[in-house]
$ cat final_14.txt   # compact mmCIF, C-alpha atoms
# COMPACT_ATOMS: atom_id res chain seq x y z
CA MET A 35 0.00 0.00 0.00
CA ASN A 36 1.31 3.45 -0.90
CA GLU A 37 2.11 5.79 1.96
CA ASN A 38 -0.45 8.52 2.57
CA LEU A 39 1.42 11.80 2.01
CA THR A 40 -1.65 14.03 2.33
CA ILE A 41 -3.38 15.85 5.16
CA THR A 42 -5.57 12.83 5.93
CA SER A 43 -2.52 11.03 7.32
CA VAL A 44 -2.84 13.35 10.33
CA PRO A 45 -4.79 11.29 12.90
CA GLY A 46 -8.37 12.50 13.22
CA VAL A 47 -8.63 14.24 9.83
CA ARG A 48 -11.14 13.08 7.22
CA LEU A 49 -11.72 14.84 3.89
CA ALA A 50 -13.95 14.73 0.82
CA HIS A 51 -14.05 16.70 -2.42
CA ILE A 52 -17.38 17.43 -4.11
CA THR A 53 -16.89 18.52 -7.73
CA ASP A 54 -19.35 20.04 -10.22
CA ARG A 55 -17.64 20.19 -13.62
CA ASP A 56 -20.66 21.75 -15.32
CA ALA A 57 -20.68 24.74 -12.99
CA VAL A 58 -16.86 24.50 -12.67
CA THR A 59 -16.92 24.78 -8.90
CA GLY A 60 -16.83 22.54 -5.89
CA THR A 61 -16.38 22.07 -2.17
CA THR A 62 -13.81 20.45 0.10
CA VAL A 63 -15.05 19.27 3.50
CA LEU A 64 -12.86 18.30 6.45
CA LEU A 65 -14.23 16.45 9.47
CA PHE A 66 -12.49 16.01 12.81
CA PRO A 67 -12.92 13.62 15.77
CA ASP A 68 -16.37 13.48 17.34
CA ASP A 69 -15.16 15.56 20.30
CA GLY A 70 -13.83 18.20 17.91
CA ALA A 71 -10.47 19.82 17.23
CA ILE A 72 -8.87 22.91 18.73
CA GLY A 73 -9.09 25.64 16.10
CA GLY A 74 -7.35 28.88 15.20
CA VAL A 75 -7.39 31.18 12.18
CA GLU A 76 -5.50 34.00 10.51
CA VAL A 77 -7.13 36.16 7.84
CA ARG A 78 -4.69 38.36 5.91
CA GLY A 79 -6.37 39.07 2.60
CA ALA A 80 -8.28 42.31 2.05
CA ALA A 81 -11.34 40.59 0.52
CA PRO A 82 -12.10 37.55 2.69
CA GLY A 83 -15.22 35.42 2.62
CA THR A 84 -15.32 33.50 5.89
CA ARG A 85 -17.64 31.91 8.45
CA GLU A 86 -17.27 31.52 12.24
CA THR A 87 -13.76 32.98 12.32
CA ASP A 88 -14.47 35.22 15.33
CA LEU A 89 -15.40 32.09 17.26
CA LEU A 90 -11.85 30.78 16.87
CA ARG A 91 -10.22 33.67 18.72
CA PRO A 92 -8.78 33.10 22.21
CA GLY A 93 -11.20 33.96 25.00
CA THR A 94 -14.38 32.82 23.26
CA LEU A 95 -16.75 30.20 24.68
CA VAL A 96 -16.31 27.42 22.12
CA GLU A 97 -12.79 26.03 21.71
CA ARG A 98 -13.33 23.01 19.47
CA VAL A 99 -14.59 22.80 15.90
CA ASN A 100 -16.27 19.80 14.29
CA SER A 101 -15.63 20.55 10.62
CA ILE A 102 -14.10 23.13 8.30
CA PHE A 103 -15.15 23.72 4.70
CA LEU A 104 -13.28 25.27 1.79
CA THR A 105 -15.49 26.05 -1.17
CA GLY A 106 -16.01 27.76 -4.47
CA GLY A 107 -19.13 29.75 -5.20
CA SER A 108 -18.14 33.01 -3.50
CA ALA A 109 -20.73 34.01 -0.87
CA PHE A 110 -23.16 31.45 -2.29
CA GLY A 111 -20.70 28.83 -1.09
CA MET A 112 -21.63 29.55 2.52
CA ASN A 113 -24.66 27.34 1.86
CA VAL A 114 -22.50 24.25 2.34
CA ALA A 115 -22.31 24.87 6.09
CA GLU A 116 -26.00 24.03 6.46
CA GLY A 117 -25.49 20.63 4.85
CA ILE A 118 -22.49 19.80 7.03
CA MET A 119 -24.33 20.92 10.16
CA ARG A 120 -27.33 18.80 9.26
CA HIS A 121 -25.16 15.70 8.90
CA LEU A 122 -23.35 16.32 12.18
CA GLU A 123 -26.59 17.09 14.04
CA VAL A 124 -28.06 13.75 12.98
CA GLU A 125 -24.88 12.09 14.27
CA GLY A 126 -25.19 13.93 17.59
CA ILE A 127 -21.92 15.79 17.05
CA GLY A 128 -21.49 19.41 18.10
CA PHE A 129 -21.47 21.86 20.98
CA GLN A 130 -23.92 20.69 23.62
CA THR A 131 -26.72 23.14 24.47
CA PRO A 132 -30.02 22.71 26.36
CA GLY A 133 -31.81 22.63 23.01
CA GLY A 134 -29.54 20.06 21.38
CA VAL A 135 -26.15 19.92 19.70
CA VAL A 136 -24.92 22.82 17.58
CA PRO A 137 -22.17 21.71 15.17
CA ILE A 138 -19.31 24.20 14.92
CA VAL A 139 -18.40 24.60 11.25
CA PRO A 140 -16.08 27.44 10.20
CA GLY A 141 -15.14 27.87 6.56
CA ALA A 142 -13.92 30.09 3.75
CA VAL A 143 -14.78 30.66 0.10
CA ILE A 144 -13.04 31.51 -3.14
CA TYR A 145 -14.47 33.49 -6.04
CA ASP A 146 -14.95 31.27 -9.10
CA LEU A 147 -18.26 32.60 -10.43
CA GLY A 148 -18.57 32.68 -14.20
CA MET A 149 -16.17 29.82 -14.81
CA GLY A 150 -19.00 27.46 -15.79
CA ASN A 151 -22.79 27.22 -15.93
CA THR A 152 -24.02 30.34 -14.16
CA ASP A 153 -27.44 28.79 -13.56
CA ARG A 154 -25.88 26.40 -11.05
CA ARG A 155 -24.74 27.44 -7.59
CA VAL A 156 -23.06 25.73 -4.68
CA THR A 157 -25.83 24.43 -2.39
CA ARG A 158 -26.22 22.81 1.01
CA ASP A 159 -26.05 19.43 -0.74
CA PHE A 160 -22.36 19.99 -1.48
CA GLY A 161 -21.77 20.15 2.25
CA LEU A 162 -24.09 17.26 3.07
CA ASP A 163 -22.47 15.01 0.47
CA GLY A 164 -18.99 16.04 1.55
CA ALA A 165 -19.70 15.29 5.20
CA ARG A 166 -21.15 11.89 4.31
CA GLU A 167 -18.21 10.98 2.05
CA ALA A 168 -15.32 12.31 4.16
CA SER A 169 -12.69 9.66 4.88
CA ASP A 170 -9.06 9.26 5.85
CA ALA A 171 -8.13 7.94 2.40
CA PRO A 172 -5.34 9.89 0.65
CA ALA A 173 -6.75 13.24 -0.47
CA GLU A 174 -6.84 13.97 -4.19
CA SER A 175 -5.06 17.03 -5.58
CA GLY A 176 -5.67 19.15 -8.67
CA SER A 177 -8.82 20.55 -10.26
CA VAL A 178 -11.24 18.96 -7.81
CA GLY A 179 -13.38 20.07 -4.88
CA ALA A 180 -12.90 23.69 -3.94
CA GLY A 181 -10.09 23.89 -6.49
CA THR A 182 -12.28 23.01 -9.49
CA GLY A 183 -12.72 26.60 -10.64
CA ALA A 184 -9.54 28.05 -9.14
CA THR A 185 -7.19 30.05 -11.36
CA VAL A 186 -3.86 31.81 -10.83
CA ALA A 187 -1.60 34.43 -12.43
CA LYS A 188 -4.39 36.85 -13.32
CA ALA A 189 -2.53 40.14 -13.75
CA LEU A 190 -3.41 40.17 -17.48
CA GLY A 191 -6.91 38.72 -17.12
CA SER A 192 -8.32 35.33 -18.00
CA ASP A 193 -6.75 35.29 -21.47
CA HIS A 194 -3.36 34.81 -19.82
CA ALA A 195 -4.34 33.04 -16.59
CA LEU A 196 -3.50 29.46 -15.63
CA LYS A 197 -5.40 26.79 -13.77
CA GLY A 198 -5.13 26.68 -10.01
CA GLY A 199 -6.47 23.93 -7.83
CA VAL A 200 -6.26 22.15 -4.50
CA GLY A 201 -3.04 20.68 -3.13
CA THR A 202 -1.93 18.87 -0.02
CA ALA A 203 1.24 17.93 1.83
CA VAL A 204 2.36 16.45 5.15
CA VAL A 205 5.59 16.20 7.15
CA ASP A 206 6.60 14.39 10.32
CA LEU A 207 7.58 16.41 13.36
CA ALA A 208 10.53 15.47 15.58
CA SER A 209 8.03 14.93 18.39
CA GLY A 210 6.48 12.04 16.48
CA HIS A 211 3.41 14.04 15.54
CA LYS A 212 2.33 14.86 12.00
CA ILE A 213 1.42 18.16 10.40
CA GLY A 214 -0.36 18.52 7.08
CA ALA A 215 -2.05 21.11 4.90
CA VAL A 216 -4.70 21.31 2.23
CA MET A 217 -4.64 24.51 0.15
CA VAL A 218 -7.01 25.94 -2.43
CA VAL A 219 -4.94 28.13 -4.75
CA ASN A 220 -6.92 30.83 -6.56
CA ALA A 221 -4.23 33.49 -6.51
CA PHE A 222 -3.81 36.78 -8.36
CA GLY A 223 -0.05 36.36 -8.27
CA ASP A 224 2.61 34.03 -9.61
CA ILE A 225 3.45 30.69 -8.03
CA VAL A 226 7.06 30.04 -7.06
CA ASP A 227 8.55 26.74 -5.90
CA PRO A 228 10.39 27.85 -2.74
CA ASP A 229 12.69 24.81 -2.89
CA THR A 230 14.16 25.91 -6.23
CA GLY A 231 13.15 29.55 -6.56
CA MET A 232 11.69 28.71 -9.96
CA LEU A 233 8.55 30.37 -11.31
CA ILE A 234 6.13 27.50 -11.96
CA ALA A 235 3.07 29.58 -12.90
CA GLY A 236 2.72 33.14 -14.16
CA PRO A 237 0.65 34.96 -16.78
CA ARG A 238 0.83 32.99 -20.02
CA ASN A 239 3.40 34.22 -22.51
CA ASP A 240 2.06 33.50 -26.00
CA ASN A 241 5.41 34.29 -27.63
CA ALA A 242 6.88 30.87 -28.47
CA ASP A 243 10.37 32.38 -28.54
CA GLY A 244 10.14 33.62 -24.96
CA PRO A 245 9.78 32.03 -21.53
CA PRO A 246 6.46 30.27 -20.84
CA PHE A 247 5.45 32.68 -18.09
CA LEU A 248 5.53 36.43 -17.66
CA SER A 249 6.31 38.01 -14.29
CA THR A 250 3.44 39.56 -12.37
CA ARG A 251 5.95 41.59 -10.40
CA GLU A 252 7.32 43.13 -13.60
CA ILE A 253 3.81 43.69 -14.96
CA LEU A 254 2.88 45.61 -11.81
CA ARG A 255 6.10 47.61 -11.85
CA SER A 256 5.44 48.64 -15.44
CA GLY A 257 2.10 50.13 -14.45
CA HIS A 258 0.28 47.94 -16.96
CA ARG A 259 -3.44 47.65 -16.28
CA ARG A 260 -5.36 44.79 -17.77
CA GLY A 261 -8.07 45.63 -20.25
CA PRO A 262 -11.79 45.00 -19.92
CA GLY A 263 -11.68 41.71 -21.88
CA GLY A 264 -11.74 38.27 -20.34
CA ARG A 265 -13.90 36.66 -17.70
CA PHE A 266 -12.10 38.33 -14.84
CA GLY A 267 -12.83 41.82 -16.14
CA GLN A 268 -11.35 44.72 -14.18
CA GLN A 269 -12.00 43.29 -10.71
CA PRO A 270 -9.58 40.98 -8.92
CA THR A 271 -11.23 37.63 -8.28
CA ASN A 272 -8.75 35.84 -6.09
CA THR A 273 -8.12 34.13 -2.75
CA THR A 274 -5.94 31.36 -1.38
CA ILE A 275 -7.47 29.46 1.52
CA GLY A 276 -6.48 26.38 3.44
CA VAL A 277 -6.36 24.25 6.55
CA VAL A 278 -3.28 23.14 8.46
CA ALA A 279 -3.79 20.22 10.85
CA THR A 280 -1.62 18.48 13.42
CA ASP A 281 -2.12 15.91 16.14
CA ALA A 282 0.25 17.83 18.42
CA PRO A 283 -1.82 19.06 21.41
CA LEU A 284 -2.41 22.83 21.42
CA THR A 285 -4.37 25.57 23.12
CA VAL A 286 -6.59 27.93 21.14
CA ALA A 287 -4.03 30.72 21.57
CA GLN A 288 -1.29 28.44 20.26
CA ALA A 289 -3.40 27.40 17.26
CA ASN A 290 -3.94 31.04 16.38
CA ARG A 291 -0.23 31.81 16.67
CA LEU A 292 0.59 28.84 14.44
CA ALA A 293 -1.97 30.00 11.87
CA MET A 294 0.00 33.25 11.70
CA MET A 295 3.29 31.41 11.27
CA ALA A 296 1.83 29.13 8.60
CA HIS A 297 1.06 32.17 6.44
CA SER A 298 4.78 32.45 5.70
CA GLY A 299 4.22 29.55 3.31
CA ILE A 300 1.76 31.62 1.28
CA ALA A 301 4.13 34.57 1.18
CA ARG A 302 7.01 32.39 -0.03
CA ALA A 303 5.04 30.54 -2.72
CA ILE A 304 2.71 33.26 -4.07
CA VAL A 305 4.09 36.56 -5.39
CA PRO A 306 2.45 38.90 -4.63
CA SER A 307 0.10 37.75 -1.90
CA TYR A 308 -2.35 39.48 0.47
CA GLY A 309 -3.52 42.01 -2.12
CA MET A 310 -6.67 44.09 -2.14
CA GLY A 311 -8.48 41.45 -4.17
CA ASP A 312 -7.23 38.51 -2.11
CA GLY A 313 -9.08 36.91 0.79
CA ASP A 314 -6.14 34.80 1.95
CA THR A 315 -7.19 32.80 5.02
CA LEU A 316 -5.62 29.90 6.93
CA PHE A 317 -7.24 27.72 9.57
CA PHE A 318 -5.09 25.73 12.00
CA VAL A 319 -6.43 22.77 13.98
CA SER A 320 -5.15 20.29 16.54
CA THR A 321 -6.88 16.92 16.58
CA ALA A 322 -5.33 15.83 19.89
CA PRO A 323 -7.90 14.56 22.44
CA PRO A 324 -9.21 17.03 25.04
CA ASP A 325 -7.19 17.36 28.25
CA THR A 326 -3.95 16.21 26.59
CA PRO A 327 -1.00 18.23 28.00
CA THR A 328 -0.21 20.90 25.43
CA VAL A 329 3.04 21.86 23.73
CA ASP A 330 5.21 24.28 25.70
CA THR A 331 5.67 27.80 24.40
CA PHE A 332 9.03 27.29 22.71
CA GLY A 333 7.87 24.02 21.22
CA LEU A 334 5.68 26.09 18.90
CA THR A 335 8.59 27.34 16.80
CA PRO A 336 9.41 24.04 15.06
CA ILE A 337 5.70 23.38 14.55
CA GLY A 338 5.26 26.82 12.99
CA ALA A 339 8.25 26.31 10.70
CA ALA A 340 6.83 22.97 9.58
CA ALA A 341 3.40 24.56 9.10
CA ALA A 342 4.81 27.11 6.65
CA GLU A 343 6.63 24.29 4.86
CA VAL A 344 3.53 22.15 4.32
CA VAL A 345 1.57 25.20 3.17
CA GLU A 346 4.11 26.04 0.47
CA ARG A 347 4.41 22.40 -0.58
CA ALA A 348 0.63 22.11 -0.84
CA ILE A 349 0.49 25.25 -3.00
CA VAL A 350 3.10 23.83 -5.37
CA ASP A 351 1.23 20.50 -5.41
CA ALA A 352 -1.98 22.30 -6.41
CA ILE A 353 -0.34 23.86 -9.46
CA ARG A 354 1.50 20.74 -10.55
CA SER A 355 -1.62 18.57 -10.15
CA ALA A 356 -4.03 20.96 -11.89
CA THR A 357 -5.65 20.19 -15.23
CA GLY A 358 -7.19 22.65 -17.67
CA ILE A 359 -10.89 23.42 -17.62
CA ALA A 360 -13.21 26.04 -19.15
CA GLY A 361 -10.55 27.07 -21.67
CA ILE A 362 -7.88 27.80 -19.07
CA PRO A 363 -4.87 25.46 -19.25
CA SER A 364 -2.70 24.23 -16.44
CA ALA A 365 0.91 25.37 -16.31
CA ALA A 366 2.07 22.00 -17.62
CA GLU A 367 -0.43 22.10 -20.49
CA HIS A 368 0.65 25.62 -21.43
CA ILE A 369 4.32 24.61 -21.51
CA SER A 370 3.48 21.55 -23.59
CA GLY A 371 1.51 23.70 -26.03
CA MET A 372 4.37 26.18 -26.35
CA ASN A 373 6.82 23.37 -27.06
CA GLY A 374 4.55 22.22 -29.86
CA ARG A 375 4.62 25.71 -31.41
CA MET A 376 8.35 26.31 -31.11
CA ARG A 377 10.05 27.24 -34.35
CA PRO A 378 12.63 24.75 -35.68

$ encode --input "final_14.txt" --output "structure tokens"
Amino acid sequence: MNENLTITSVPGVRLAHITDRDAVTGTTVLLFPDDGAIGGVEVRGAAPGTRETDLLRPGTLVERVNSIFLTGGSAFGMNVAEGIMRHLEVEGIGFQTPGGVVPIVPGAVIYDLGMGNTDRRVTRDFGLDGAREASDAPAESGSVGAGTGATVAKALGSDHALKGGVGTAVVDLASGHKIGAVMVVNAFGDIVDPDTGMLIAGPRNDNADGPPFLSTREILRSGHRRGPGGRFGQQPTNTTIGVVATDAPLTVAQANRLAMMAHSGIARAIVPSYGMGDGDTLFFVSTAPPDTPTVDTFGLTPIGAAAAEVVERAIVDAIRSATGIAGIPSAAEHISGMNGRMRP
């Protein structure tokens, strides 16, 4: 059996992708142990679309979350929470109240409207199906789930953009615990492989005699403004969102600090990041059982360094696993097409 090198190898994490290729959108649902997972969050983008993030701050009543969703559909994607909550309520999972259990389901959305059939929207059924299908099997990467309609490198509009997607990665900590990430990459900027420094996705260069990708940084420095053509129009339609999970025991304050540290992975792999049209958001969860002695303060540093590493690896995985859809090619497909047009 092949080793599971995805976020679902972290004990207590289950995941499912729900994909609608007609609408070119989808949802990724993560479920945690029945008694929940400690949760934290860090929102750095200027245009976020999130749910229940205030609840994850230190000092609030509820410390454990039952599920997190990542979804396409922009604000319509918030509908998936109802489906997840319905599934968990039937299972008796959630925060106990006198009137019954209330499942705690934070989440975040990306903007992918207009990529496919505009008569179809993300609905509660995406969440219900995802919650029912979530498992600890190796998580799929590429143009699936919340990454179905994701695109990157949009400085020159959709005519030069490339396909984004969902990616995942995991590493082992020296403590014996695991830490993993799942990332939905729908970025305005270029994608860089931090291990090599190589640009692996940028605005498409249609000149067969030049490099395959243009540089967003150079485009911005030149003052070039994209024209009105293309599906993305004049408005930025971006956001990179994700979940980092570990079985190392944490407090809520520690989970929030680690969510901040994990963002370094976004900054290293996406150039630029955290723009005015980005809603970049990272959740951080610990699946350790309640009442487990937590990591000491200085033990957070190696966990945070590993968190940034799995985030950047998951971002790279998303780009390398993506496949073209709705007329937008993946980076690999674009390079292959350029090679076919090269002059002898």

$ axis_aligned_box --input "final_14.txt" --around "region 98-103 of chain A" --padding-each-side "3 Å" --output "JSON"
{"center_x": -14.8, "center_y": 21.8, "center_z": 12.1, "size_x": 8.9, "size_y": 9.9, "size_z": 20.8}

$ closest_residue --input "final_14.txt" --among "A:Leu233, A:Leu284, A:Ala341, A:Ala289" --to "Arg354 (chain A)" --atoms "all atoms listed in the file"
A:Leu233

$ closest_residue --input "final_14.txt" --among "A:Pro246, A:Gly117, A:Gly257, A:Gly276" --to "Pro137 (chain A)" --atoms "all atoms listed in the file"
A:Gly117

$ closest_residue --input "final_14.txt" --among "A:Ala365, A:Val216, A:Ala115, A:Leu292" --to "Val156 (chain A)" --atoms "all atoms listed in the file"
A:Ala115

$ residues_around --input "final_14.txt" --residues "Phe110 (chain A)" --least-positions-apart "6" --cutoff "12 Å" --atoms "all atoms listed in the file" --output "count of residues only"
19

$ closest_residue --input "final_14.txt" --among "A:Ala287, A:Val58, A:Val219, A:Met112" --to "Ala348 (chain A)" --atoms "only C-alpha atoms"
A:Val219

$ closest_atom_pairs --input "final_14.txt" --of "region 93-175 of chain A" --to "region 199-204 of chain A" --cutoff "9 Å" --atoms "all atoms listed in the file" --output "tab-separated table"
residue	atom	partner	partner_atom	distance
A:Ala173	CA	A:Thr202	CA	7.4
A:Glu174	CA	A:Gly201	CA	7.8
A:Ser175	CA	A:Gly201	CA	4.8

$ closest_residue --input "final_14.txt" --among "A:Pro172, A:Gly223, A:Pro228, A:Gly214" --to "Gly198 (chain A)" --atoms "all atoms listed in the file"
A:Gly223

$ residues_around --input "final_14.txt" --residues "Val114 (chain A)" --least-positions-apart "4" --cutoff "10 Å" --atoms "all atoms listed in the file" --output "PyMOL selection string"
chain A and resi 61-63+103-105+107+110+118-119+139+141+156-165

$ atom_distance --input "final_14.txt" --atom1 "CA of Gly333 (chain A)" --atom2 "CA of Asp229 (chain A)"
24.6 Å

$ residues_around --input "final_14.txt" --residues "Ala296 (chain A)" --least-positions-apart "2" --cutoff "7 Å" --atoms "only C-alpha atoms" --output "list of chain:residue names"
A:Leu292, A:Ala293, A:Met294, A:Ser298, A:Gly299, A:Gly338, A:Ala341, A:Ala342, A:Val345
